[in-house]
Structure formats: structure tokens, C-alpha cells
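Enquirer: Handing you this structure, nothing more for now.
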Amino acid sequence: MTEDNTPESLLPYERWTENALRAVVLDALEHAAREGLPGEHHFYISFRTDHPGVSIPAHLKARYPTEITIVLQHRFWDLKVDRAKPGFSVGLSFGGLPSQLVVPLEALTAFHDPHIRFGLRFEPEAFEPTPEPAPAPEPEPAPSEAPAPASQPQVVSLDAFRRKRD
């Protein structure tokens with residue numbers, strides 16, 4: 001029981017509610033893909049860039065290693081919603097570079113339409129962050145022209161290094 005004596009639920013109502021609200025985001029994106037954004041509506045969408053299934057260009061991943069917020073307003077293209085594998089893809093320009101993004105629904109952390117002050121926040125789904133690729137190993141230095149060590153120990157005479165007495 002919780003502090004207010006309400007029994008803990010054995011049904012995942014909070015997760016079901018959050019999943020239903022994520023579907024609202026897909027509905028809004030489907031509408032925008034089909035009809036465009038009406039009036040002054042525009043979307044701010046935040047998502048985890050390290051979530052499995054997220055596909056963004058390497059320069060964005062380097063700049064935003066865990067989370068990014070994108071804006072769908074005037075210049076976006078190829079907005080597609082996938083209900084079978086819930087998520088969306090969209091083309092956007094970052095610093096003049098055209099980029100294609102693929103975002104699974106579970107990666108979303110926020111959705112906001114500032115025109116009507118509508119917003120949703122989501123708890124990130126539990127996941128193992130995509131590991132950063134290991135840096136390429138440094139190439140081994142080329143062998144120098146030094147002679148190979150002798151297999152037998154060598155005795156060096158120190159006479160050459162001693163001061164000669166007159």
C-alpha cells in the first residue's frame with residue numbers, strides 16, 4: 001500500500017496511459033504528413049538519440065549524444081508514420097545539411113505544439129543505451145631498422161668508457 005492507503009496496482013495503468021498519449025503524437029504526425037500543418041501549428045519533438053532504433057546522421061549524434069529536440073514547422077520533408085513498428089521518419093536540414101531521421105515511438109521524451117500550448121512529457125522507456133562505437137585501434141608503428149636482438153647475451157667491455165690515465 002502507498003502512504004495514502006491506496007493499494008498498489010497490479011495492472012500497468014500508467015504505462016498504458018503513456019502509450020495512449022504517445023499514439024496522440026503519431027496521430028498529429030500522420031495528420032501533418034497527409035495535410036500539412038494548419039495555421040500556425042508546429043511541433044517540438046524531443047527524443048533520446050541513444051535509444052535503439054534511432055537513426056540520425058553521425059554529426060548530429062556527436063553533437064547530441066543523448067537527446068535532441070527537433071522542430072517541424074516550415075521546412076521538413078518525407079514525413080512518414082509507421083504504425084506497425086511505431087515511430088516516424090522525417091527529413092530536416094541541420095546547418096544546411098539535409099538529414100533523414102528515424103525515431104521509434106519509445107524514444108520520445110516530449111511533444112509540444114506551442115501554438116495552442118499543448119504538450120506531453122514521456123518517461124523514457126527502459127533500454128540499454130546504444131554503445132558508442134569503439135575507436136579504431138591505432139596502427140602499430142612500422143618496425144624500425146634497428147638490428148634484431150641477439151639470441152645470446154652479449155658482454156660489453158667498459159674499457160672504452162674509462163678515463164685513461166696519463
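Ordered as shown in the C-alpha cells, chains take letters A, B, and onward, while each chain numbers its residues from 1 and ligands are numbered from 1 in the order shown.
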Please provide as a list in words all residues within 6 Å of Leu108 (chain A), with the sequence filter that same-chain residues fewer than 2 positions apart are discarded (counting only C-alpha atoms).

Expert: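 So, after excluding close chain neighbours, the residues are Ser46, Phe47, Leu105, Glu106 and Ala110 of chain A.
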
Enquirer: Pick out the residues sitting within 6 Å of Gly91 (chain A), and hand them over as an mmCIF file with all heavy atoms, in the first residue's frame; count only C-alpha atoms, and ignore anything fewer than 2 positions along from it in its own chain.

Expert:
data_model
loop_
_atom_site.group_PDB
_atom_site.id
_atom_site.type_symbol
_atom_site.label_atom_id
_atom_site.label_comp_id
_atom_site.auth_asym_id
_atom_site.auth_seq_id
_atom_site.Cartn_x
_atom_site.Cartn_y
_atom_site.Cartn_z
ATOM 1 N N PHE A 76 10.423 20.762 -43.682
ATOM 2 C CA PHE A 76 10.658 19.344 -43.431
ATOM 3 C C PHE A 76 10.071 18.601 -44.622
ATOM 4 O O PHE A 76 9.263 19.142 -45.372
ATOM 5 C CB PHE A 76 10.053 18.880 -42.100
ATOM 6 C CG PHE A 76 8.551 19.005 -42.009
ATOM 7 C CD1 PHE A 76 7.730 17.945 -42.390
ATOM 8 C CD2 PHE A 76 7.951 20.166 -41.547
ATOM 9 C CE1 PHE A 76 6.351 18.049 -42.298
ATOM 10 C CE2 PHE A 76 6.581 20.281 -41.460
ATOM 11 C CZ PHE A 76 5.778 19.217 -41.836
ATOM 12 N N TRP A 77 10.504 17.368 -44.826
ATOM 13 C CA TRP A 77 10.027 16.603 -45.972
ATOM 14 C C TRP A 77 9.998 15.119 -45.626
ATOM 15 O O TRP A 77 10.562 14.686 -44.623
ATOM 16 C CB TRP A 77 10.900 16.861 -47.209
ATOM 17 C CG TRP A 77 12.347 16.524 -47.013
ATOM 18 C CD1 TRP A 77 12.953 15.334 -47.267
ATOM 19 C CD2 TRP A 77 13.363 17.382 -46.503
ATOM 20 N NE1 TRP A 77 14.287 15.389 -46.938
ATOM 21 C CE2 TRP A 77 14.570 16.640 -46.464
ATOM 22 C CE3 TRP A 77 13.388 18.698 -46.057
ATOM 23 C CZ2 TRP A 77 15.765 17.163 -46.008
ATOM 24 C CZ3 TRP A 77 14.594 19.218 -45.599
ATOM 25 C CH2 TRP A 77 15.758 18.463 -45.590
ATOM 26 N N ASP A 78 9.323 14.378 -46.459
ATOM 27 C CA ASP A 78 9.233 12.915 -46.325
ATOM 28 C C ASP A 78 8.818 12.473 -44.927
ATOM 29 O O ASP A 78 9.343 11.488 -44.396
ATOM 30 C CB ASP A 78 10.553 12.234 -46.709
ATOM 31 C CG ASP A 78 10.866 12.358 -48.181
ATOM 32 O OD1 ASP A 78 9.922 12.532 -48.976
ATOM 33 O OD2 ASP A 78 12.049 12.288 -48.536
ATOM 34 N N SER A 99 19.168 15.968 -43.768
ATOM 35 C CA SER A 99 19.334 14.778 -42.937
ATOM 36 C C SER A 99 18.023 14.028 -42.856
ATOM 37 O O SER A 99 16.958 14.635 -42.789
ATOM 38 C CB SER A 99 19.759 15.168 -41.523
ATOM 39 O OG SER A 99 20.948 15.921 -41.548
ATOM 40 N N GLN A 100 18.102 12.712 -42.823
ATOM 41 C CA GLN A 100 16.935 11.851 -42.625
ATOM 42 C C GLN A 100 17.010 11.274 -41.225
ATOM 43 O O GLN A 100 18.049 10.734 -40.834
ATOM 44 C CB GLN A 100 16.919 10.740 -43.675
ATOM 45 C CG GLN A 100 15.647 9.926 -43.691
ATOM 46 C CD GLN A 100 14.438 10.709 -44.189
ATOM 47 O OE1 GLN A 100 14.565 11.667 -44.944
ATOM 48 N NE2 GLN A 100 13.263 10.325 -43.733
#

Enquirer: Would you mind listing what lies within 6 Å of Thr49 (chain A) as a list in words, with only C-alpha atoms counted and same-chain residues fewer than 2 positions away left out?

Expert: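 Here the qualifying residues turn out to be His51, Thr66 and Glu67 of chain A.
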
Enquirer: Given the selection you just returned, output its residues as a file containing all heavy atoms, formatted as a compact mmCIF listing (two decimals), in the first residue's frame.

Expert:
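Result file follows (part32.txt):
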# COMPACT_ATOMS: atom_id res chain seq x y z
N HIS A 51 18.68 5.87 -28.05
CA HIS A 51 17.70 4.79 -27.94
C HIS A 51 17.86 3.83 -29.13
O HIS A 51 18.09 4.27 -30.25
CB HIS A 51 16.28 5.37 -27.94
CG HIS A 51 15.25 4.40 -27.49
ND1 HIS A 51 14.78 3.40 -28.30
CD2 HIS A 51 14.62 4.26 -26.31
CE1 HIS A 51 13.88 2.70 -27.64
NE2 HIS A 51 13.77 3.20 -26.43
N THR A 66 22.74 12.19 -26.30
CA THR A 66 21.67 11.52 -25.55
C THR A 66 20.27 12.01 -25.91
O THR A 66 19.34 11.22 -25.88
CB THR A 66 21.86 11.68 -24.02
OG1 THR A 66 21.93 13.06 -23.70
CG2 THR A 66 23.10 10.96 -23.55
N GLU A 67 20.10 13.29 -26.23
CA GLU A 67 18.75 13.81 -26.53
C GLU A 67 18.84 15.00 -27.47
O GLU A 67 19.81 15.76 -27.43
CB GLU A 67 18.04 14.20 -25.23
CG GLU A 67 16.59 14.58 -25.44
CD GLU A 67 15.82 14.74 -24.13
OE1 GLU A 67 16.42 15.23 -23.14
OE2 GLU A 67 14.64 14.39 -24.09

Enquirer: I need the residue nearest Asp27 (chain A) from this list: A:Val102, A:Val90, A:Val54, A:Val81. Use only C-alpha atoms for the distance.

Expert: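 Using only C-alpha atoms, Asp27 (chain A) sits closest to A:Val81.
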
Enquirer: Go ahead and compute the interatomic distance for CA of Val71 (chain A) and CA of Asn19 (chain A), in Å to one decimal.

Expert: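 Taking CA of Val71 (chain A) as the start and CA of Asn19 (chain A) as the end point, the length is 22.0 Å.
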
Enquirer: May I ask which of the residues A:Arg121, A:Arg22, A:His31, A:His59 is the closest one to Pro86 (chain A), counting only C-alpha atoms?

Expert: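 Of the candidates, the smallest distance to Pro86 (chain A) is held by A:Arg22.
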
Enquirer: Can you pull out the residues contacting region 33-45 of chain A? Cut-off 6 Å, using only C-alpha atoms, and skip same-chain residues under 4 positions away; I want them as a tab-separated table (two decimals) with N, CA and C atoms, in the first residue's frame.

Expert:
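The resulting part_9.tsv:
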chain	number	residue	atom	x	y	z
A	69	THR	N	16.03	17.95	-29.59
A	69	THR	CA	14.69	18.46	-29.87
A	69	THR	C	14.69	18.97	-31.30
A	70	ILE	N	13.74	18.48	-32.09
A	70	ILE	CA	13.60	18.94	-33.47
A	70	ILE	C	12.32	19.75	-33.60
A	71	VAL	N	12.24	20.58	-34.62
A	71	VAL	CA	11.07	21.41	-34.86
A	71	VAL	C	10.53	21.08	-36.24
A	72	LEU	N	9.26	20.72	-36.29
A	72	LEU	CA	8.58	20.52	-37.57
A	72	LEU	C	7.68	21.73	-37.76
A	73	GLN	N	8.07	22.58	-38.71
A	73	GLN	CA	7.30	23.80	-38.94
A	73	GLN	C	7.25	24.11	-40.43
A	79	LEU	N	7.87	13.17	-44.33
A	79	LEU	CA	7.36	12.77	-43.02
A	79	LEU	C	6.50	11.52	-43.21
A	110	ALA	N	9.31	14.13	-25.28
A	110	ALA	CA	8.38	15.27	-25.19
A	110	ALA	C	7.82	15.60	-26.57
A	111	PHE	N	6.61	16.14	-26.56
A	111	PHE	CA	5.94	16.63	-27.76
A	111	PHE	C	5.23	17.91	-27.35
A	112	HIS	N	5.38	18.96	-28.17
A	112	HIS	CA	4.80	20.25	-27.81
A	112	HIS	C	4.35	20.97	-29.07
A	113	ASP	N	3.12	21.47	-29.06
A	113	ASP	CA	2.62	22.35	-30.11
A	113	ASP	C	2.42	23.71	-29.46
A	115	HIS	N	1.72	26.60	-30.50
A	115	HIS	CA	0.64	27.46	-30.99
A	115	HIS	C	-0.59	27.40	-30.08

Enquirer: Find the distance between CA of Glu30 (chain A) and CA of Asp82 (chain A) and write it in Å to one decimal.

Expert: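 Separating CA of Glu30 (chain A) from CA of Asp82 (chain A) is a distance of 9.1 Å.
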